[in-house]
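**Student:** The structure that follows is given in the form of structure tokens.
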Amino acid sequence: TAARSPKAAIKHFIFRVIFHFFRHPLIQNAPFFGIVQYIPQLAFVEWKAFFSFRHKIEQRILRGKGVFSMDLSRYQAEGPYPEMENRCPNPKALAMLYPLYAGAASELSAIHQYTYQRLLCCPDEVTETLGGIAAVEMHHLMMLGRLIRSFGGDPRFCQPSRRRWWDGGMVCYENRLCKLLLKDLNDEHNAVTAYLYTAQRIGHPCAAALLRRIAKDEEHHIILLTKLINQFCRKG
């Protein structure tokens, strides 16, 4: 769901205070003038609970985990992701990162393609694997967006040099199981090539290390997709 505006968040908080205020057993049994003493205490409890929940959600999103927990270890390569450092504006690096971030063959396209494929009537094992891969690709998107920001760019879903916005027409809508798995496999091979090529040319060790680490995830996806193809598409 969309994030609440500050005005809507305050209205929601006031509603929570009023709702819980009159449901509290102390309030129901207290005399009218004795109710006043509980108002600051209840307001403080509700305010603390509201921002504690909001902080937890924000931290999960910033860590690339999303709101709902999911074990991504099956869909990722082993090893941590390199830390990203603050950097100075670098138009050359940005020009190489935007196609990986939101180009036609990008993380954003991959996320939408895998999401579309999950909605089709595929075997449970295929649906689960594609969902796990999509979640990892979303993590990649977040890391690339932060890298773009660190180089002074705006992580909009477009390629500024070409003045082209990302759109749903960049997604492949193949709906036959074996055809879509083969398309995914080819896309993952291309992604590995693109990440390694960019890592060689970007000229920043930290950024290059992150791109090579993402490429390892894509190589792991190749293994997972190959297993699905062998299981569901190879005859004899």
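Chain labels run A, B, ... following the order of the structure tokens; each chain numbers its residues from 1, and ligands are numbered from 1 in the order shown.
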Identify, on the basis of only C-alpha atoms, every residue whose closest approach to A:Ile202 does not exceed 12 Å; exclude the query and any residue fewer than 6 positions from it along the same chain; express the result as a list in words.

**Tutor:**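 Result of the neighbour search: Asn90, Pro91, Lys92, Ala93, Leu94, Ala95, Met96, Leu97, Leu147, Phe151, Ala194, Tyr195, Leu196, Ala208, Ala209, Leu210, Leu211 and Arg212 of chain A.
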
**Student:** Any chance you could list, as a PDB file with N, CA, C and O atoms, in the first residue's frame, the residues in stretch 40-195 of chain A that come up strand (DSSP E) when DSSP is run on the backbone?

**Tutor:**
ATOM      1  N   CYS A 158      14.427   5.494 -15.727  1.00  0.00           N
ATOM      2  CA  CYS A 158      14.598   5.963 -17.100  1.00  0.00           C
ATOM      3  C   CYS A 158      16.078   5.935 -17.446  1.00  0.00           C
ATOM      4  O   CYS A 158      16.925   5.649 -16.599  1.00  0.00           O
ATOM      5  N   GLN A 159      16.374   6.243 -18.710  1.00  0.00           N
ATOM      6  CA  GLN A 159      17.741   6.430 -19.164  1.00  0.00           C
ATOM      7  C   GLN A 159      17.859   7.881 -19.613  1.00  0.00           C
ATOM      8  O   GLN A 159      17.465   8.229 -20.735  1.00  0.00           O
ATOM      9  N   ARG A 164      14.523   8.346 -22.332  1.00  0.00           N
ATOM     10  CA  ARG A 164      13.532   7.273 -22.483  1.00  0.00           C
ATOM     11  C   ARG A 164      13.165   6.731 -21.124  1.00  0.00           C
ATOM     12  O   ARG A 164      14.026   6.276 -20.378  1.00  0.00           O
ATOM     13  N   TRP A 165      11.875   6.750 -20.814  1.00  0.00           N
ATOM     14  CA  TRP A 165      11.380   6.195 -19.560  1.00  0.00           C
ATOM     15  C   TRP A 165      11.155   4.701 -19.709  1.00  0.00           C
ATOM     16  O   TRP A 165      10.826   4.210 -20.780  1.00  0.00           O
TER      17      TRP A 165
END

**Student:** Please, which residues of stretch 31-235 of chain A, numbered as in this document, come out helix (DSSP H, G or I) from DSSP, as JSON, numbers by chain?

**Tutor:** {"A": [32, 33, 34, 35, 36, 37, 38, 39, 40, 41, 42, 43, 44, 45, 46, 47, 48, 49, 50, 51, 52, 53, 54, 55, 56, 57, 58, 59, 60, 61, 62, 73, 74, 75, 91, 92, 93, 94, 95, 96, 97, 98, 99, 100, 101, 102, 107, 108, 109, 110, 111, 112, 113, 114, 115, 116, 117, 118, 124, 125, 126, 127, 128, 129, 130, 131, 132, 133, 134, 135, 136, 137, 138, 139, 140, 141, 142, 143, 144, 145, 146, 147, 148, 149, 150, 168, 169, 170, 177, 178, 179, 180, 181, 182, 183, 184, 185, 186, 187, 188, 189, 190, 191, 192, 193, 194, 195, 196, 197, 198, 199, 200, 201, 205, 206, 207, 208, 209, 210, 211, 212, 213, 214, 215, 216, 217, 218, 219, 220, 221, 222, 223, 224, 225, 226, 227, 228, 229, 230, 231, 232]}

**Student:** Could you take the residues named above and write them with C-alpha atoms, as a compact mmCIF listing (two decimals), in the first residue's frame?

**Tutor:**
# COMPACT_ATOMS: atom_id res chain seq x y z
CA PHE A 32 -15.43 11.32 34.44
CA PHE A 33 -12.83 13.65 35.98
CA GLY A 34 -10.46 10.77 36.64
CA ILE A 35 -10.29 9.98 32.94
CA VAL A 36 -8.15 13.03 32.22
CA GLN A 37 -5.10 11.61 33.99
CA TYR A 38 -4.90 8.68 31.56
CA ILE A 39 -4.93 10.77 28.36
CA PRO A 40 -1.19 11.71 28.24
CA GLN A 41 -0.09 8.19 29.16
CA LEU A 42 -2.24 6.51 26.51
CA ALA A 43 -1.26 9.07 23.86
CA PHE A 44 2.43 8.45 24.58
CA VAL A 45 2.00 4.65 24.32
CA GLU A 46 0.15 4.89 21.00
CA TRP A 47 2.62 7.39 19.54
CA LYS A 48 5.57 5.19 20.51
CA ALA A 49 3.92 2.07 19.05
CA PHE A 50 3.06 3.84 15.79
CA PHE A 51 6.60 5.07 15.11
CA SER A 52 8.20 1.83 16.31
CA PHE A 53 6.19 -0.11 13.70
CA ARG A 54 6.95 2.45 11.00
CA HIS A 55 10.68 2.35 11.79
CA LYS A 56 10.77 -1.44 11.55
CA ILE A 57 9.08 -1.36 8.12
CA GLU A 58 11.48 1.32 6.84
CA GLN A 59 14.52 -0.62 8.05
CA ARG A 60 13.36 -3.83 6.35
CA ILE A 61 12.90 -1.95 3.07
CA LEU A 62 16.29 -0.23 3.33
CA SER A 73 19.60 -17.84 0.46
CA ARG A 74 18.42 -20.43 -2.10
CA TYR A 75 18.29 -17.79 -4.80
CA PRO A 91 28.37 11.26 -15.21
CA LYS A 92 30.45 8.56 -16.94
CA ALA A 93 29.63 5.96 -14.27
CA LEU A 94 25.95 6.98 -14.30
CA ALA A 95 25.73 6.46 -18.05
CA MET A 96 26.86 2.85 -17.54
CA LEU A 97 24.59 2.17 -14.54
CA TYR A 98 21.25 3.44 -15.85
CA PRO A 99 20.84 0.68 -18.49
CA LEU A 100 21.40 -1.97 -15.78
CA TYR A 101 18.99 -0.19 -13.47
CA ALA A 102 16.04 0.71 -15.71
CA GLU A 107 16.73 -5.25 -13.17
CA LEU A 108 13.45 -3.38 -13.37
CA SER A 109 12.43 -5.30 -16.49
CA ALA A 110 13.48 -8.59 -14.89
CA ILE A 111 11.38 -7.93 -11.77
CA HIS A 112 8.25 -7.26 -13.84
CA GLN A 113 8.90 -10.19 -16.15
CA TYR A 114 9.30 -12.68 -13.32
CA THR A 115 6.26 -11.20 -11.57
CA TYR A 116 4.13 -11.64 -14.70
CA GLN A 117 5.33 -15.21 -15.09
CA ARG A 118 4.42 -16.01 -11.48
CA ASP A 124 4.41 -24.70 -7.87
CA GLU A 125 8.15 -25.31 -8.04
CA VAL A 126 8.48 -22.96 -11.00
CA THR A 127 6.36 -20.27 -9.34
CA GLU A 128 8.36 -20.47 -6.12
CA THR A 129 11.71 -20.27 -7.92
CA LEU A 130 10.67 -17.36 -10.12
CA GLY A 131 9.39 -15.54 -7.05
CA GLY A 132 12.68 -16.03 -5.24
CA ILE A 133 14.67 -14.83 -8.24
CA ALA A 134 12.40 -11.78 -8.56
CA ALA A 135 13.02 -10.89 -4.91
CA VAL A 136 16.79 -11.04 -5.45
CA GLU A 137 16.46 -8.87 -8.56
CA MET A 138 14.57 -6.34 -6.44
CA HIS A 139 17.48 -6.30 -4.02
CA HIS A 140 19.79 -5.66 -6.98
CA LEU A 141 17.57 -2.78 -8.06
CA MET A 142 17.82 -1.19 -4.62
CA MET A 143 21.61 -1.50 -4.57
CA LEU A 144 21.95 -0.05 -8.06
CA GLY A 145 19.65 2.81 -7.09
CA ARG A 146 21.83 3.62 -4.08
CA LEU A 147 24.93 3.42 -6.28
CA ILE A 148 23.36 5.84 -8.75
CA ARG A 149 22.59 8.20 -5.88
CA SER A 150 26.16 7.97 -4.60
CA GLY A 168 5.84 -2.25 -19.56
CA GLY A 169 6.55 -2.80 -23.23
CA MET A 170 10.10 -3.76 -22.27
CA LEU A 177 6.31 -22.54 -19.82
CA CYS A 178 9.34 -23.81 -21.68
CA LYS A 179 9.57 -20.75 -23.91
CA LEU A 180 9.49 -18.37 -20.97
CA LEU A 181 12.09 -20.36 -19.03
CA LEU A 182 14.41 -20.33 -22.04
CA LYS A 183 13.88 -16.57 -22.39
CA ASP A 184 14.72 -16.10 -18.71
CA LEU A 185 17.83 -18.23 -19.10
CA ASN A 186 19.02 -16.16 -22.06
CA ASP A 187 18.32 -12.93 -20.17
CA GLU A 188 20.37 -14.11 -17.20
CA HIS A 189 23.31 -14.98 -19.46
CA ASN A 190 23.10 -11.49 -20.97
CA ALA A 191 22.92 -9.96 -17.50
CA VAL A 192 26.13 -11.70 -16.41
CA THR A 193 27.90 -10.40 -19.51
CA ALA A 194 26.58 -6.86 -18.97
CA TYR A 195 27.57 -6.71 -15.30
CA LEU A 196 31.08 -8.05 -15.86
CA TYR A 197 31.61 -5.73 -18.84
CA THR A 198 30.46 -2.71 -16.82
CA ALA A 199 32.61 -3.73 -13.85
CA GLN A 200 35.68 -3.63 -16.10
CA ARG A 201 34.88 -0.18 -17.45
CA PRO A 205 36.92 -0.59 -7.28
CA CYS A 206 33.97 -0.52 -4.86
CA ALA A 207 31.36 -0.18 -7.62
CA ALA A 208 33.12 -2.82 -9.70
CA ALA A 209 33.14 -5.24 -6.76
CA LEU A 210 29.40 -4.76 -6.26
CA LEU A 211 28.68 -5.35 -9.95
CA ARG A 212 30.75 -8.53 -9.95
CA ARG A 213 28.89 -9.72 -6.84
CA ILE A 214 25.55 -9.12 -8.55
CA ALA A 215 26.84 -11.07 -11.55
CA LYS A 216 27.42 -14.05 -9.25
CA ASP A 217 23.74 -13.97 -8.29
CA GLU A 218 22.80 -13.98 -11.97
CA GLU A 219 25.08 -16.98 -12.54
CA HIS A 220 23.28 -18.74 -9.69
CA HIS A 221 19.97 -17.94 -11.37
CA ILE A 222 21.26 -19.65 -14.50
CA ILE A 223 21.80 -22.82 -12.48
CA LEU A 224 18.28 -22.64 -11.00
CA LEU A 225 16.62 -22.00 -14.37
CA THR A 226 18.62 -24.77 -16.03
CA LYS A 227 17.33 -27.22 -13.42
CA LEU A 228 13.75 -26.16 -14.15
CA ILE A 229 14.26 -26.53 -17.89
CA ASN A 230 15.75 -30.00 -17.45
CA GLN A 231 12.86 -30.99 -15.18
CA PHE A 232 9.92 -29.62 -17.15

**Student:** Can you measure atom CA of A:Gly203 to atom CA of A:Arg162 for me? One decimal in Å is fine.

**Tutor:**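 If I compute the distance from atom CA of A:Gly203 to atom CA of A:Arg162, I get 22.4 Å.
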